[in-house]
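Have a look at the structure below before the remarks.
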Amino acid sequence: MDREAKNKILIFGGTGYLGTYMVKASINFGHPTFVFARPITPQTTLNKINLHKEFESTGVTIIQGELKEHEKIVAILRQVDIVISLLPFPQVPDQIHIIEAIKVAGNIKRFLPSEFGVEEDRLSFLPPFEACLDEKRKIRRAVEASGIPYTYVSANCFGAYFLNYLLRPHEQHEVVIIYGSGEAKAPFTYEEDIANYTIRVANDPRTCNKIVIYKMQKNILSQIELISLWEKKTGKYFKKVHVPEEELVKLTETLSFPDNVRASVLHGLFVKGNLANYELGENDREASSLYPDYKYTTIDQLLDVFLVDPPKPALATF
Ligand SMILES: CCOC(=O)[C@H]1C[C@@H]1c1ccc(O)c(OC)c1
């Protein structure tokens, strides 16, 4: 399909952690790509300013504005076909402004709200994280009530994010922290694959009004398996310090925000093994089975990348 026939994609949160991968994937797939971004001000970081320039150099159209500028958002929506929101947690409730504008515009073929992590309609976590997931559930129910065609994506653990968090390759250290026994498994998806799958999913009639889970068989590993792979590749062996479940539960109750949320994420992911322990619903789809020809990056391959050029660490906000 030539570029004109390709769906036009508008991305909210395009300058964020997953956003830069998503914008790149949208451009690489040949979609006319638009990014709605906060206005540049004297407080805007040089990194963000340079990102705007980089986006524009690759043909991305940047619209600067605030989520409350209803008319401006309606006007840009009328020029596109698909909307992908990657707004981070504190802004999850603000997506209601996007939903309201999509309802008025009336032309959007698919809306992907800001998900991409755990599947919150299939799982529950300890209170601090559960409260965050409740905000995402409210947005899902608002999307369904609006009748807007949607796809919810659960990409599970972001590969580079969690390899950095668990292995800390940028630091000189002798110790690795293991949450619980270290035996519970979790699915990991490299951020570039999250973006490449998502552009496919957003354009695929088979995923309309569906939940799509990214759960590739080769990328379901435990902390112990991850650490062992890394030790073999680096030839460096670490002292393992376990954080028992009861201690992690206590931390979810005693740490201040947002560290209490992070503790409850770690508890659900790596102590309870939530993400590996549920079956897809009959209406759910799994990415690697939808796109069997797509060669996703295995964690073993990602660790080889980390050996030579580990991606910069990040820390999610809540
Ligand atoms: C390691 C502590 O957890 C986090 O920093 C946040 C970024 C983790 C996260 C946040 C939201 C999620 O849905 C999710 O799914 C795996 C993961």
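Identifiers in this document derive from the order of the structure tokens: chains are assigned A, B, ..., residues are numbered from 1 separately in each chain, and ligands are numbered from 1 in order of occurrence.
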
Could you give me, as a Markdown table, every chain A residue with an atom at most 7 Å from ligand 1, plus its closest atom pair and distance in Å to one decimal, counting only C-alpha atoms and all ligand atoms, rows ordered by chain then number?
| residue | atom | partner | partner_atom_place_in_ligand_line | distance |
| --- | --- | --- | --- | --- |
| A:Glu115 | CA | ligand 1 | 13 (O) | 6.9 |
| A:Phe116 | CA | ligand 1 | 13 (O) | 6.5 |
| A:Gly117 | CA | ligand 1 | 13 (O) | 3.3 |
| A:Val118 | CA | ligand 1 | 13 (O) | 4.1 |
| A:Asn156 | CA | ligand 1 | 16 (C) | 4.5 |
| A:Cys157 | CA | ligand 1 | 16 (C) | 4.1 |
| A:Phe158 | CA | ligand 1 | 16 (C) | 6.7 |
| A:Phe162 | CA | ligand 1 | 1 (C) | 6.9 |
| A:Tyr165 | CA | ligand 1 | 1 (C) | 6.5 |
| A:Arg262 | CA | ligand 1 | 2 (C) | 3.9 |
| A:Ala263 | CA | ligand 1 | 2 (C) | 6.4 |
| A:Val265 | CA | ligand 1 | 3 (O) | 5.2 |
| A:Leu266 | CA | ligand 1 | 1 (C) | 5.5 |
| A:Leu269 | CA | ligand 1 | 16 (C) | 7.0 |
| A:Leu315 | CA | ligand 1 | 5 (O) | 5.6 |
| A:Ala316 | CA | ligand 1 | 7 (C) | 4.8 |

Spatial neighbours of Tyr179 of chain A, 8 Å, only C-alpha atoms, chain gap at least 2 places, as a ChimeraX atom specification: /A:177,181-182,242-245,248,266-267,270-271

Those in segment 54-151 of chain A with alpha helix (DSSP H) from DSSP, as a PyMOL selection string: chain A and resi 54-57+70-77+95-105+127-146

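On the backbone of this structure, DSSP gives strand (DSSP E) within segment 50-107 of chain A to Thr61, Ile62, Ile63, Gln64, Ile82, Val83, Ile84 and Ser85 of chain A.
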
Proximity to Glu130 of chain A - best of A:Gly268, A:Pro42, A:Pro313, A:Pro292, only C-alpha atoms: A:Gly268

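Across the model, the gap from atom CA of Thr317 of chain A to atom CA of Phe89 of chain A is 6.4 Å.
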
Shortest interatomic distance to Tyr294 of chain A - which of A:Met216, A:Val60, A:Leu51, A:Leu229, counting only C-alpha atoms: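 Between A:Met216, A:Val60, A:Leu51, A:Leu229, the residue approaching Tyr294 of chain A most closely is A:Met216.
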
Near-Val201 of chain A list (12 Å; only C-alpha atoms; drop same-chain fewer than 2 positions) as a ChimeraX atom specification: /A:26,82,84,110-112,150-155,193-199,203-214,285-291

Could you save the residues just selected, with C-alpha atoms, as a PDB file, in the first residue's frame?
ATOM      1  CA  SER A  26       4.928   4.121  12.775  1.00  0.00           C
ATOM      2  CA  ILE A  82      -5.797   5.734  14.361  1.00  0.00           C
ATOM      3  CA  ILE A  84      -2.398   5.514  20.138  1.00  0.00           C
ATOM      4  CA  ARG A 110      -9.226   2.578  16.261  1.00  0.00           C
ATOM      5  CA  PHE A 111      -8.151   3.906  19.650  1.00  0.00           C
ATOM      6  CA  LEU A 112      -5.430   2.235  21.726  1.00  0.00           C
ATOM      7  CA  TYR A 150     -10.559   0.008  20.489  1.00  0.00           C
ATOM      8  CA  THR A 151      -7.742  -2.428  21.102  1.00  0.00           C
ATOM      9  CA  TYR A 152      -6.206  -2.969  24.560  1.00  0.00           C
ATOM     10  CA  VAL A 153      -2.572  -4.085  24.479  1.00  0.00           C
ATOM     11  CA  SER A 154      -0.881  -5.918  27.339  1.00  0.00           C
ATOM     12  CA  ALA A 155       2.823  -6.186  26.463  1.00  0.00           C
ATOM     13  CA  ASP A 193       8.888  -5.298  19.422  1.00  0.00           C
ATOM     14  CA  ILE A 194       6.140  -3.729  21.530  1.00  0.00           C
ATOM     15  CA  ALA A 195       6.109  -0.865  19.029  1.00  0.00           C
ATOM     16  CA  ASN A 196       6.357  -3.055  15.907  1.00  0.00           C
ATOM     17  CA  TYR A 197       3.586  -5.396  17.079  1.00  0.00           C
ATOM     18  CA  THR A 198       1.409  -2.452  18.149  1.00  0.00           C
ATOM     19  CA  ILE A 199       1.503  -0.730  14.753  1.00  0.00           C
ATOM     20  CA  ASN A 203      -4.216  -1.615  11.723  1.00  0.00           C
ATOM     21  CA  ASP A 204      -5.514  -5.199  11.981  1.00  0.00           C
ATOM     22  CA  PRO A 205      -9.299  -5.808  11.685  1.00  0.00           C
ATOM     23  CA  ARG A 206      -8.805  -9.049  13.697  1.00  0.00           C
ATOM     24  CA  THR A 207      -7.920  -7.051  16.819  1.00  0.00           C
ATOM     25  CA  CYS A 208     -10.828  -4.586  16.809  1.00  0.00           C
ATOM     26  CA  ASN A 209     -12.485  -4.457  20.246  1.00  0.00           C
ATOM     27  CA  LYS A 210     -10.071  -7.121  21.482  1.00  0.00           C
ATOM     28  CA  ILE A 211      -7.406  -7.506  24.158  1.00  0.00           C
ATOM     29  CA  VAL A 212      -4.034  -8.423  22.611  1.00  0.00           C
ATOM     30  CA  ILE A 213      -1.424  -9.966  24.887  1.00  0.00           C
ATOM     31  CA  TYR A 214       2.284  -9.992  23.958  1.00  0.00           C
ATOM     32  CA  ARG A 285      -5.429 -12.623  21.001  1.00  0.00           C
ATOM     33  CA  GLU A 286      -1.696 -13.247  21.385  1.00  0.00           C
ATOM     34  CA  ALA A 287       0.695 -11.186  19.217  1.00  0.00           C
ATOM     35  CA  SER A 288       3.213 -13.823  18.106  1.00  0.00           C
ATOM     36  CA  SER A 289       0.376 -16.114  16.992  1.00  0.00           C
ATOM     37  CA  LEU A 290      -1.274 -13.247  15.083  1.00  0.00           C
ATOM     38  CA  TYR A 291       2.012 -12.399  13.327  1.00  0.00           C
TER      39      TYR A 291
END

Residue contacts of Arg38 of chain A (7 Å, only C-alpha atoms) excluding same-chain residues fewer than 5 positions away, as a list in words: Gln64, Gly65 and Glu66 of chain A

Between atom CA of Ser85 of chain A and atom CA of Pro128 of chain A - distance in Å to one decimal: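 Taking atom CA of Pro128 of chain A as the start and atom CA of Ser85 of chain A as the end point, the length is 23.0 Å.
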
Among listed residues A:Lys72, A:Gln223, A:Glu253, A:Ile178, nearest Lys239 of chain A (using only C-alpha atoms):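 Result for the nearest residue to Lys239 of chain A: A:Ile178.
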
Using only C-alpha atoms: which of A:Glu183, A:Asp304, A:Asp121, A:Glu54 has the shortest distance to Trp230 of chain A: A:Asp304

Pick from A:Thr298, A:Thr41, A:Gln79, A:Asn277 nearest to Lys8 of chain A, counting only C-alpha atoms: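 Checking each of A:Thr298, A:Thr41, A:Gln79, A:Asn277 against Lys8 of chain A, counting only C-alpha atoms, the winner is A:Gln79.
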
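Closest approach to Leu133 of chain A from the set A:Asn164, A:Phe318, A:Pro258, A:Phe12 is made by A:Phe318, with distances taken over only C-alpha atoms.
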
Between atom CA of Leu226 of chain A and atom CA of Phe129 of chain A, distance in Å (one decimal): 24.2 Å

Contact residues around Lys6 of chain A with only C-alpha atoms at 12 Å, ignoring same-chain residues under 4 positions, as a list in words: Met1, Asp2, Ser26, Ile27, Asn28, Phe29, Gly30, His31, Pro32, Thr33, Val80, Asp81, Ile82, Ile199, Arg200, Ala202 and Asn203 of chain A
